[in-house]
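Written out below as structure tokens is the structure these notes cover.
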Amino acid sequence: MHRLVYLSHATSHLPTHGIADIVKRSQINNAKVGLTGMLVYHGNRFFQVLEGLPANLAQRYKCIQADKRHEKMSLLYSSAISKRAFPSWQMSYYRPEELPEQVQQAVFSIYDLMPFNSPARGEDDDTRKLVRDFLASFDRLVA
């Protein structure tokens with residue numbers, strides 16, 4: 001089992017339907033190859049944790065790197081793990097109620113990540129710190 005964490009910047013402000021497409025496709029594609037994790041989109045930036053078998057993770061990461069909806073990818077963490085911090089795939093968005101109804105159930109508010117002990121931050125201390133640091137990078141959010 002392996003985990004990687006990256007940051008990237010959207011190439012332009014993603015419309016609501018663009019986020020909805022990412023939610024739907026991620027759920028389908030990740031489930032097919034046993035990947036789990038969390039994706040946060042806020043302030044035109046992506047923060048993603050992906051976990052799974054190394055070969056499946058490497059293949060998905062190559063696809064993510066080729067995606068033209070974002071740029072300036074920065075790999076923050078990549079390591080073997082003994083257990084998943086996120087046993088299911090999740091996505092956090094600033095205002096989930098803005099998304100189409102069919103994907104709202106798969107998305108939670110970025111503010112659910114805010115409390116220090118929020119289970120939405122994951123089950124691994126190093127990953128929780130990366131989530132906290134990402135949230136702290138926004139002036140209006142307090143991690």
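Residues are named by chain letter and number: chains run A, B, ... in the order of the structure tokens, numbers start at 1 in each chain, and ligands are numbered from 1 in the order shown.
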Set out as JSON lines a contact list for range 14-65 of chain A and range 83-86 of chain A with a cut-off of 7 Å, giving each residue of range 14-65 of chain A that qualifies its closest atom pair and distance in Å to one decimal, counting only C-alpha atoms, ordered by chain and rising residue number.
```
{"residue": "A:Thr36", "atom": "CA", "partner": "A:Phe86", "partner_atom": "CA", "distance": 6.2}
{"residue": "A:Gly37", "atom": "CA", "partner": "A:Phe86", "partner_atom": "CA", "distance": 5.0}
{"residue": "A:Met38", "atom": "CA", "partner": "A:Phe86", "partner_atom": "CA", "distance": 7.0}
{"residue": "A:Glu51", "atom": "CA", "partner": "A:Arg84", "partner_atom": "CA", "distance": 6.5}
```
- Task: Show which residues sit within 12 Å of Pro15 in chain A, as a ChimeraX atom specification. Count only C-alpha atoms, and ignore same-chain residues fewer than 3 positions away.
- Result: /A:10-12,18-22,41,44,69,98-100
- Task: List every residue of chain A that DSSP, applied to the backbone of this structure, places in alpha helix (DSSP H), and write the result as a PyMOL selection string.
- Result: chain A and resi 16-32+54-66+101-104+125-136
For N, CA and C atoms, I'd like the residues from the last selection saved as a short mmCIF file (atom, residue, chain, number, x, y, z; two decimals), in the first residue's frame.
```
data_model
loop_
_atom_site.label_atom_id
_atom_site.label_comp_id
_atom_site.auth_asym_id
_atom_site.auth_seq_id
_atom_site.Cartn_x
_atom_site.Cartn_y
_atom_site.Cartn_z
N THR A 16 -18.97 25.09 -11.87
CA THR A 16 -19.61 24.07 -11.05
C THR A 16 -19.68 22.73 -11.79
N HIS A 17 -20.02 22.75 -13.07
CA HIS A 17 -20.12 21.48 -13.81
C HIS A 17 -18.74 20.81 -13.95
N GLY A 18 -17.66 21.59 -13.93
CA GLY A 18 -16.32 21.01 -13.99
C GLY A 18 -15.99 20.25 -12.71
N ILE A 19 -16.36 20.80 -11.57
CA ILE A 19 -16.16 20.13 -10.28
C ILE A 19 -17.03 18.88 -10.22
N ALA A 20 -18.27 18.99 -10.67
CA ALA A 20 -19.17 17.84 -10.66
C ALA A 20 -18.60 16.71 -11.51
N ASP A 21 -18.02 17.04 -12.65
CA ASP A 21 -17.41 16.04 -13.51
C ASP A 21 -16.24 15.35 -12.81
N ILE A 22 -15.42 16.12 -12.12
CA ILE A 22 -14.29 15.56 -11.37
C ILE A 22 -14.79 14.60 -10.30
N VAL A 23 -15.84 14.98 -9.58
CA VAL A 23 -16.40 14.13 -8.53
C VAL A 23 -16.86 12.80 -9.12
N LYS A 24 -17.67 12.87 -10.17
CA LYS A 24 -18.22 11.64 -10.77
C LYS A 24 -17.12 10.74 -11.32
N ARG A 25 -16.22 11.32 -12.10
CA ARG A 25 -15.16 10.52 -12.72
C ARG A 25 -14.21 9.93 -11.68
N SER A 26 -13.89 10.70 -10.66
CA SER A 26 -12.98 10.21 -9.62
C SER A 26 -13.58 9.03 -8.89
N GLN A 27 -14.85 9.13 -8.55
CA GLN A 27 -15.50 8.01 -7.86
C GLN A 27 -15.44 6.74 -8.70
N ILE A 28 -15.74 6.85 -9.96
CA ILE A 28 -15.77 5.69 -10.86
C ILE A 28 -14.36 5.15 -11.09
N ASN A 29 -13.46 6.03 -11.52
CA ASN A 29 -12.10 5.60 -11.87
C ASN A 29 -11.33 5.06 -10.67
N ASN A 30 -11.44 5.72 -9.53
CA ASN A 30 -10.71 5.26 -8.35
C ASN A 30 -11.25 3.93 -7.84
N ALA A 31 -12.56 3.76 -7.87
CA ALA A 31 -13.16 2.51 -7.41
C ALA A 31 -12.71 1.33 -8.27
N LYS A 32 -12.57 1.54 -9.56
CA LYS A 32 -12.16 0.47 -10.48
C LYS A 32 -10.81 -0.12 -10.11
N PRO A 54 0.80 0.43 -5.27
CA PRO A 54 1.75 1.31 -5.97
C PRO A 54 1.55 1.39 -7.48
N ALA A 55 1.34 0.27 -8.15
CA ALA A 55 1.18 0.29 -9.61
C ALA A 55 -0.08 1.05 -10.02
N ASN A 56 -1.18 0.83 -9.32
CA ASN A 56 -2.44 1.53 -9.63
C ASN A 56 -2.31 3.02 -9.34
N LEU A 57 -1.65 3.33 -8.26
CA LEU A 57 -1.45 4.73 -7.87
C LEU A 57 -0.56 5.45 -8.89
N ALA A 58 0.52 4.81 -9.33
CA ALA A 58 1.41 5.42 -10.32
C ALA A 58 0.68 5.68 -11.63
N GLN A 59 -0.15 4.74 -12.05
CA GLN A 59 -0.90 4.91 -13.29
C GLN A 59 -1.90 6.07 -13.17
N ARG A 60 -2.61 6.15 -12.07
CA ARG A 60 -3.60 7.23 -11.88
C ARG A 60 -2.89 8.58 -11.79
N TYR A 61 -1.76 8.61 -11.10
CA TYR A 61 -1.03 9.87 -10.94
C TYR A 61 -0.55 10.38 -12.30
N LYS A 62 -0.13 9.49 -13.19
CA LYS A 62 0.27 9.90 -14.55
C LYS A 62 -0.91 10.55 -15.28
N CYS A 63 -2.10 9.96 -15.12
CA CYS A 63 -3.31 10.53 -15.74
C CYS A 63 -3.61 11.91 -15.15
N ILE A 64 -3.47 12.03 -13.84
CA ILE A 64 -3.72 13.31 -13.17
C ILE A 64 -2.74 14.36 -13.67
N GLN A 65 -1.48 13.98 -13.80
CA GLN A 65 -0.47 14.92 -14.28
C GLN A 65 -0.77 15.41 -15.69
N ALA A 66 -1.39 14.59 -16.50
CA ALA A 66 -1.71 14.96 -17.89
C ALA A 66 -2.99 15.77 -18.01
N GLU A 101 -27.35 18.28 -7.86
CA GLU A 101 -27.86 17.37 -6.83
C GLU A 101 -27.26 15.97 -6.89
N GLN A 102 -27.01 15.46 -8.09
CA GLN A 102 -26.53 14.09 -8.23
C GLN A 102 -25.13 13.87 -7.66
N VAL A 103 -24.37 14.94 -7.38
CA VAL A 103 -23.03 14.74 -6.80
C VAL A 103 -22.91 15.32 -5.38
N GLN A 104 -23.93 16.01 -4.91
CA GLN A 104 -23.85 16.62 -3.58
C GLN A 104 -23.57 15.61 -2.48
N ASP A 125 -1.53 10.83 11.30
CA ASP A 125 -1.06 12.12 11.82
C ASP A 125 -0.33 12.97 10.79
N ASP A 126 0.54 12.36 9.98
CA ASP A 126 1.27 13.13 8.97
C ASP A 126 0.31 13.71 7.93
N THR A 127 -0.68 12.91 7.54
CA THR A 127 -1.67 13.37 6.56
C THR A 127 -2.52 14.48 7.17
N ARG A 128 -2.91 14.32 8.41
CA ARG A 128 -3.70 15.36 9.09
C ARG A 128 -2.94 16.68 9.12
N LYS A 129 -1.63 16.63 9.33
CA LYS A 129 -0.82 17.85 9.35
C LYS A 129 -0.79 18.49 7.96
N LEU A 130 -0.66 17.69 6.91
CA LEU A 130 -0.69 18.24 5.55
C LEU A 130 -2.03 18.91 5.25
N VAL A 131 -3.13 18.31 5.69
CA VAL A 131 -4.45 18.91 5.50
C VAL A 131 -4.51 20.24 6.26
N ARG A 132 -4.05 20.24 7.50
CA ARG A 132 -4.05 21.47 8.31
C ARG A 132 -3.24 22.56 7.64
N ASP A 133 -2.05 22.22 7.15
CA ASP A 133 -1.20 23.22 6.50
C ASP A 133 -1.85 23.78 5.24
N PHE A 134 -2.52 22.92 4.48
CA PHE A 134 -3.22 23.40 3.29
C PHE A 134 -4.31 24.39 3.68
N LEU A 135 -5.12 24.05 4.68
CA LEU A 135 -6.18 24.94 5.12
C LEU A 135 -5.64 26.26 5.64
N ALA A 136 -4.51 26.19 6.34
CA ALA A 136 -3.91 27.40 6.92
C ALA A 136 -3.36 28.33 5.83
#
```
- Nearest to Ala80 in chain A among A:Tyr94, A:Gln48, A:Met1, A:Phe138, with distances taken over only C-alpha atoms: which residue is it? A:Met1
- Item | Residues flagged strand (DSSP E) by DSSP in range 65-120 of chain A, as a VMD selection string | chain A and resid 70 to 80 89 to 93 107 to 109
Now that the selection is made, can you save its residues with C-alpha atoms as an mmCIF file, in the first residue's frame?
```
data_model
loop_
_atom_site.group_PDB
_atom_site.id
_atom_site.type_symbol
_atom_site.label_atom_id
_atom_site.label_comp_id
_atom_site.auth_asym_id
_atom_site.auth_seq_id
_atom_site.Cartn_x
_atom_site.Cartn_y
_atom_site.Cartn_z
ATOM 1 C CA HIS A 70 -4.653 22.054 -13.586
ATOM 2 C CA GLU A 71 -0.975 22.968 -13.577
ATOM 3 C CA LYS A 72 1.953 23.639 -11.211
ATOM 4 C CA MET A 73 1.726 20.222 -9.589
ATOM 5 C CA SER A 74 3.811 19.793 -6.489
ATOM 6 C CA LEU A 75 4.264 16.365 -4.903
ATOM 7 C CA LEU A 76 4.216 16.886 -1.117
ATOM 8 C CA TYR A 77 4.452 13.304 0.094
ATOM 9 C CA SER A 78 4.948 9.833 -1.318
ATOM 10 C CA SER A 79 5.544 6.810 0.883
ATOM 11 C CA ALA A 80 4.638 3.231 1.656
ATOM 12 C CA TRP A 89 -12.888 8.337 -1.588
ATOM 13 C CA GLN A 90 -14.005 11.814 -0.447
ATOM 14 C CA MET A 91 -14.126 15.312 -1.850
ATOM 15 C CA SER A 92 -14.366 18.611 -0.033
ATOM 16 C CA TYR A 93 -15.633 21.766 -1.693
ATOM 17 C CA VAL A 107 -19.014 16.078 -1.397
ATOM 18 C CA PHE A 108 -18.681 17.728 1.995
ATOM 19 C CA SER A 109 -17.958 21.338 2.909
#
```
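When only C-alpha atoms are used to compute distances to Asp139 in chain A, the closest of the residues A:His2, A:Arg121, A:Lys68, A:His42 turns out to be A:His42.
Going from CA of Gly122 in chain A over to CA of Ser88 in chain A, you cover 10.4 Å.
Here CA of Leu53 in chain A stands at a distance of 13.2 Å from CA of Pro87 in chain A.
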- Message: So the first atom is CA of Arg95 in chain A and the second is CA of Gly43 in chain A; what is the distance between them in Å, to one decimal place?
- Response: 11.9 Å
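Take the candidates A:Val40, A:Ala106, A:Val33, A:Val49 and check each one against Asp124 in chain A using only C-alpha atoms; the shortest distance goes to A:Val49.
Counting only C-alpha atoms and comparing A:Ser8, A:Asp67, A:Leu14, A:Ser82, the residue that lies closest to Leu39 in chain A is A:Ser8.
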